[in-house]
Amino acid sequence: MLQPLNGHRYTIPSMAEEWRVSLILDGRGGTFHCRDLLRSRFGDDIVVSAEKACIFLYAGSEKAAGEAEYVARDVLAQQDLNAEFRVERWDPSGGEWRDPEKPVEHDDKPAPGRLRTTATALLKGAAQAAAYGDF
């Protein structure tokens, strides 16, 4: 369940909501009013949070995120507000939100010192195996 944080925001205990629609409002205000309108429209189906000039809609599927974007565009139009919309997907390996249209680039380079540490551990393990006759 959602947990209140500082009395006005909510955290999601798990990343079951792996899709997010980000609304970056044009700075004319209305963020928290729109957040409340969106919460009333979505109920428990979509998690809605806001900070400064951004509203975030969290969904469990790409389809649900698309439907949330459609509803959000309608609500903002009714309030005569403009926003930039971004649909993003959670990347657990990178620990960040990414554009689902762009390929994920993984850094194949090991962290500094990792090769040395791995090689040292391998040599020590081989030496122990040889000493105990397990080689």
# chains A, B, ... in the order shown; residues from 1 in each chain; ligands from 1
$ residues_around --residues "A:Asp45" --least-positions-apart "6" --cutoff "10 Å" --atoms "only C-alpha atoms" --output "short mmCIF file (atom, residue, chain, number, x, y, z; two decimals) with C-alpha atoms, in the first residue's frame"
data_model
loop_
_atom_site.label_atom_id
_atom_site.label_comp_id
_atom_site.auth_asym_id
_atom_site.auth_seq_id
_atom_site.Cartn_x
_atom_site.Cartn_y
_atom_site.Cartn_z
CA ARG A 39 -6.26 10.86 -8.43
CA TYR A 58 2.64 5.05 -12.34
CA ALA A 59 1.13 2.05 -14.11
CA GLY A 60 1.71 -1.69 -14.23
CA ALA A 64 -2.36 1.23 -18.68
CA ALA A 68 -3.34 7.21 -18.20
#
$ residues_around --residues "A:Gly27" --least-positions-apart "4" --cutoff "9 Å" --atoms "only C-alpha atoms" --output "MDAnalysis selection string"
chainID A and resid 31 52:53 82:83
$ write_last_selection --atoms "N, CA and C atoms" --output "compact mmCIF listing (two decimals), in the first residue's frame"
# COMPACT_ATOMS: atom_id res chain seq x y z
N THR A 31 -0.32 22.42 -10.51
CA THR A 31 0.21 21.06 -10.38
C THR A 31 -0.58 20.23 -9.37
N LYS A 52 6.64 20.09 -7.41
CA LYS A 52 6.86 21.34 -8.14
C LYS A 52 6.00 21.39 -9.41
N ALA A 53 6.61 21.36 -10.59
CA ALA A 53 5.87 21.47 -11.84
C ALA A 53 5.75 20.14 -12.57
N ASN A 82 -0.89 23.33 -20.18
CA ASN A 82 -0.05 22.63 -21.14
C ASN A 82 1.05 21.89 -20.40
N ALA A 83 1.47 20.77 -20.97
CA ALA A 83 2.55 20.00 -20.37
C ALA A 83 3.28 19.20 -21.43
$ residues_around --residues "A:Leu57" --least-positions-apart "6" --cutoff "7 Å" --atoms "only C-alpha atoms" --output "JSON, numbers by chain"
{"A": [20, 21, 22, 46, 47, 48, 49]}
$ write_last_selection --atoms "N, CA and C atoms" --output "PDB file, in the first residue's frame"
ATOM      1  N   ARG A  20       5.777   4.655 -16.254  1.00  0.00           N
ATOM      2  CA  ARG A  20       5.493   5.974 -15.687  1.00  0.00           C
ATOM      3  C   ARG A  20       5.221   6.955 -16.815  1.00  0.00           C
ATOM      4  N   VAL A  21       4.212   7.788 -16.610  1.00  0.00           N
ATOM      5  CA  VAL A  21       3.948   8.917 -17.495  1.00  0.00           C
ATOM      6  C   VAL A  21       4.332  10.156 -16.701  1.00  0.00           C
ATOM      7  N   SER A  22       5.283  10.919 -17.241  1.00  0.00           N
ATOM      8  CA  SER A  22       5.717  12.159 -16.595  1.00  0.00           C
ATOM      9  C   SER A  22       5.076  13.335 -17.313  1.00  0.00           C
ATOM     10  N   ILE A  46      -4.121   3.725 -10.981  1.00  0.00           N
ATOM     11  CA  ILE A  46      -2.887   4.426 -11.342  1.00  0.00           C
ATOM     12  C   ILE A  46      -2.434   5.208 -10.113  1.00  0.00           C
ATOM     13  N   VAL A  47      -1.149   5.114  -9.781  1.00  0.00           N
ATOM     14  CA  VAL A  47      -0.600   5.876  -8.663  1.00  0.00           C
ATOM     15  C   VAL A  47      -0.191   7.242  -9.195  1.00  0.00           C
ATOM     16  N   VAL A  48      -0.624   8.303  -8.507  1.00  0.00           N
ATOM     17  CA  VAL A  48      -0.348   9.666  -8.948  1.00  0.00           C
ATOM     18  C   VAL A  48       0.447  10.387  -7.860  1.00  0.00           C
ATOM     19  N   SER A  49       1.570  11.012  -8.263  1.00  0.00           N
ATOM     20  CA  SER A  49       2.334  11.832  -7.337  1.00  0.00           C
ATOM     21  C   SER A  49       2.709  13.121  -8.048  1.00  0.00           C
TER      22      SER A  49
END
$ select_by_dssp --residues "stretch 36-116 of chain A" --states "strand (DSSP E or B)" --output "ChimeraX atom specification"
/A:47-51,54-59,83-91,96-98
$ write_last_selection --atoms "C-alpha atoms" --output "PDB file, in the first residue's frame"
ATOM      1  CA  VAL A  47      -0.600   5.876  -8.663  1.00  0.00           C
ATOM      2  CA  VAL A  48      -0.348   9.666  -8.948  1.00  0.00           C
ATOM      3  CA  SER A  49       2.334  11.832  -7.337  1.00  0.00           C
ATOM      4  CA  ALA A  50       3.488  15.407  -7.862  1.00  0.00           C
ATOM      5  CA  GLU A  51       6.332  17.742  -7.066  1.00  0.00           C
ATOM      6  CA  CYS A  54       5.758  17.697 -12.450  1.00  0.00           C
ATOM      7  CA  ILE A  55       3.069  15.062 -12.118  1.00  0.00           C
ATOM      8  CA  PHE A  56       3.929  11.366 -12.279  1.00  0.00           C
ATOM      9  CA  LEU A  57       1.480   8.594 -13.179  1.00  0.00           C
ATOM     10  CA  TYR A  58       2.636   5.052 -12.339  1.00  0.00           C
ATOM     11  CA  ALA A  59       1.128   2.046 -14.113  1.00  0.00           C
ATOM     12  CA  ALA A  83       2.553  19.996 -20.366  1.00  0.00           C
ATOM     13  CA  GLU A  84       5.267  17.941 -21.954  1.00  0.00           C
ATOM     14  CA  PHE A  85       4.409  14.237 -21.712  1.00  0.00           C
ATOM     15  CA  ARG A  86       6.934  11.414 -21.440  1.00  0.00           C
ATOM     16  CA  VAL A  87       6.175   7.706 -21.193  1.00  0.00           C
ATOM     17  CA  GLU A  88       9.001   5.889 -19.426  1.00  0.00           C
ATOM     18  CA  ARG A  89       9.767   2.376 -18.272  1.00  0.00           C
ATOM     19  CA  TRP A  90      11.668   1.362 -15.146  1.00  0.00           C
ATOM     20  CA  ASP A  91      15.045  -0.219 -15.885  1.00  0.00           C
ATOM     21  CA  GLU A  96      16.393   4.583 -13.557  1.00  0.00           C
ATOM     22  CA  TRP A  97      13.442   5.519 -15.736  1.00  0.00           C
ATOM     23  CA  ARG A  98      14.134   5.189 -19.478  1.00  0.00           C
TER      24      ARG A  98
END
$ select_by_dssp --residues "stretch 66-111 of chain A" --states "helix (DSSP H, G or I)" --output "list of chain:residue names"
A:Gly66, A:Glu67, A:Ala68, A:Glu69, A:Tyr70, A:Val71, A:Ala72, A:Arg73, A:Asp74, A:Val75, A:Leu76, A:Ala77, A:Gln78
$ atom_distance --atom1 "atom CA of A:Ala77" --atom2 "atom CA of A:Lys102"
28.5 Å
$ atom_distance --atom1 "atom CA of A:Leu38" --atom2 "atom CA of A:Glu67"
12.3 Å
$ closest_residue --among "A:Ala72, A:Asp99, A:Val104, A:Gly94" --to "A:Leu37" --atoms "only C-alpha atoms"
A:Ala72
$ residues_around --residues "A:Val75" --least-positions-apart "6" --cutoff "10 Å" --atoms "only C-alpha atoms" --output "short mmCIF file (atom, residue, chain, number, x, y, z; two decimals) with N, CA and C atoms, in the first residue's frame"
data_model
loop_
_atom_site.label_atom_id
_atom_site.label_comp_id
_atom_site.auth_asym_id
_atom_site.auth_seq_id
_atom_site.Cartn_x
_atom_site.Cartn_y
_atom_site.Cartn_z
N CYS A 34 -4.28 19.63 -10.32
CA CYS A 34 -4.38 18.58 -11.36
C CYS A 34 -4.07 17.20 -10.78
N ARG A 35 -3.10 17.14 -9.88
CA ARG A 35 -2.79 15.86 -9.23
C ARG A 35 -4.04 15.31 -8.55
N LEU A 37 -7.21 16.06 -9.18
CA LEU A 37 -8.20 15.69 -10.19
C LEU A 37 -7.86 14.32 -10.79
N LEU A 38 -6.58 14.11 -11.09
CA LEU A 38 -6.17 12.84 -11.68
C LEU A 38 -6.36 11.69 -10.70
N ARG A 41 -9.90 10.68 -10.78
CA ARG A 41 -10.26 9.99 -12.03
C ARG A 41 -9.74 8.56 -12.06
N GLU A 69 -2.06 8.38 -19.88
CA GLU A 69 -1.63 9.57 -20.64
C GLU A 69 -2.82 10.23 -21.32
N LEU A 81 -4.32 23.89 -19.28
CA LEU A 81 -2.89 23.81 -18.94
C LEU A 81 -2.16 23.02 -20.01
#
$ atom_distance --atom1 "atom CA of A:Glu17" --atom2 "atom CA of A:Asp80"
28.5 Å
$ closest_residue --among "A:Glu18, A:Asp26, A:Asp74, A:Lys63" --to "A:Gly95" --atoms "only C-alpha atoms"
A:Glu18
$ closest_residue --among "A:Ala65, A:Pro100, A:Pro92, A:Leu76" --to "A:Gly29" --atoms "only C-alpha atoms"
A:Leu76
